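One structure is given here, and the rest of the page talks about it.
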Amino acid sequence: MKLRLATVHDLPAICVLGRIMHEESTFAPMDYDIDCVKDTIIDLMEKSQLVLVAEDTNGEVIGGILGKVTQTWFGKDMVANELGLFIHPDHRGGMLAVKLIKTFVKWARLAGAKQIRPGVITGCEVAEMLYDRLGFRRCGATFLMEGV
């Protein structure tokens, strides 16, 4: 398993994984636009944000994490947000999620983040427990109202 920064050549694989993640998330009822995904990924890359992919031994992209460090709206401190963490279903159950999260944390600290704020949008209790075990604490909730 190898982690590396993504390149534009990874966009097709990221889009495929993104679609699977979208279908498993609370965003599933909403549209999934590949052009929007590509634009977002390219924007993250151009602004030196985190687009990290995981490759299997054959060089196939099987997962990744997206992160962004920005100034808070209320002050000058920086906060890191995880925009998406995903591992293809065929490659789950190992240590890849831990490696992706720890790399995100290291990147966020190097980028000057005072706080690191990942999220779970799938309702997956295993993911929530993983963040708990890695030293994160719950600090709120996300709510959803459909049909607005």
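By order of appearance in the structure tokens: chains A, B, ..., then residues from 1 within every chain, and ligands from 1 in the order shown.
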
Polymer residues at most 12 Å from Phe27 (chain A), only C-alpha atoms, same-chain spacing of 5 or more positions, as an NGL selection string: :A and (18-22 or 32 or 120-123 or 144-146)

Leaving out region 56-59 of chain A and any residue of its chain fewer than 5 positions from it, which residues lie within 12 Å of it when counting only C-alpha atoms, given as a list in words? Met1, Lys2, Leu3, Arg4, Asp10, Ala13, Gly64, Ile87, His88, Asp90, His91 and Leu96 of chain A

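Note that the spacing between CA of Trp73 (chain A) and CA of Gly112 (chain A) amounts to 15.9 Å.
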
As a short mmCIF file (atom, residue, chain, number, x, y, z; two decimals) with C-alpha atoms, in the first residue's frame, please: all residues of chain A that backbone DSSP puts in strand (DSSP E).
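Okay, part29.cif is ready:
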```cif
data_model
loop_
_atom_site.label_atom_id
_atom_site.label_comp_id
_atom_site.auth_asym_id
_atom_site.auth_seq_id
_atom_site.Cartn_x
_atom_site.Cartn_y
_atom_site.Cartn_z
CA LYS A 2 1.40 3.37 -1.00
CA LEU A 3 0.14 6.86 -0.16
CA ARG A 4 1.00 9.76 -2.44
CA LEU A 5 -0.25 13.17 -3.49
CA LEU A 50 -4.57 17.89 0.46
CA VAL A 51 -5.54 15.41 -2.25
CA LEU A 52 -3.96 12.17 -1.14
CA VAL A 53 -4.53 8.82 -2.81
CA ALA A 54 -3.74 5.27 -1.77
CA GLU A 55 -2.51 2.76 -4.33
CA VAL A 61 -6.02 3.97 -6.74
CA ILE A 62 -8.13 2.29 -4.05
CA GLY A 63 -8.77 5.15 -1.64
CA GLY A 64 -7.85 8.59 -0.52
CA ILE A 65 -8.54 11.62 1.61
CA LEU A 66 -9.26 15.27 0.81
CA GLY A 67 -8.40 18.03 3.25
CA LYS A 68 -8.45 21.78 3.39
CA VAL A 69 -6.89 24.24 5.81
CA THR A 70 -8.58 27.63 5.99
CA GLN A 71 -8.80 30.60 8.28
CA MET A 78 -6.43 28.06 10.87
CA VAL A 79 -8.63 24.97 10.93
CA ALA A 80 -8.28 21.78 8.91
CA ASN A 81 -11.40 20.11 7.56
CA GLU A 82 -11.52 16.66 6.06
CA LEU A 83 -13.67 16.88 2.95
CA GLY A 84 -13.77 13.19 2.20
CA LEU A 85 -12.12 9.95 3.26
CA PHE A 86 -12.86 6.88 1.23
CA ILE A 87 -11.59 3.36 0.71
CA ALA A 113 -4.02 24.17 11.69
CA LYS A 114 -4.93 24.95 15.30
CA GLN A 115 -7.82 22.46 15.10
CA ILE A 116 -8.42 19.40 12.93
CA ARG A 117 -12.07 18.62 12.19
#
```

Fewer than 4 positions away in the same chain doesn't count, so skip those; otherwise give me all residues within 9 Å of Thr7 (chain A), counting only C-alpha atoms, as a compact mmCIF listing (two decimals) with C-alpha atoms, in the first residue's frame.
```txt
# COMPACT_ATOMS: atom_id res chain seq x y z
CA LEU A 11 -8.96 12.32 -11.64
CA ILE A 42 -8.13 20.61 -9.33
CA MET A 45 -4.45 20.83 -5.92
CA VAL A 51 -5.54 15.41 -2.25
```
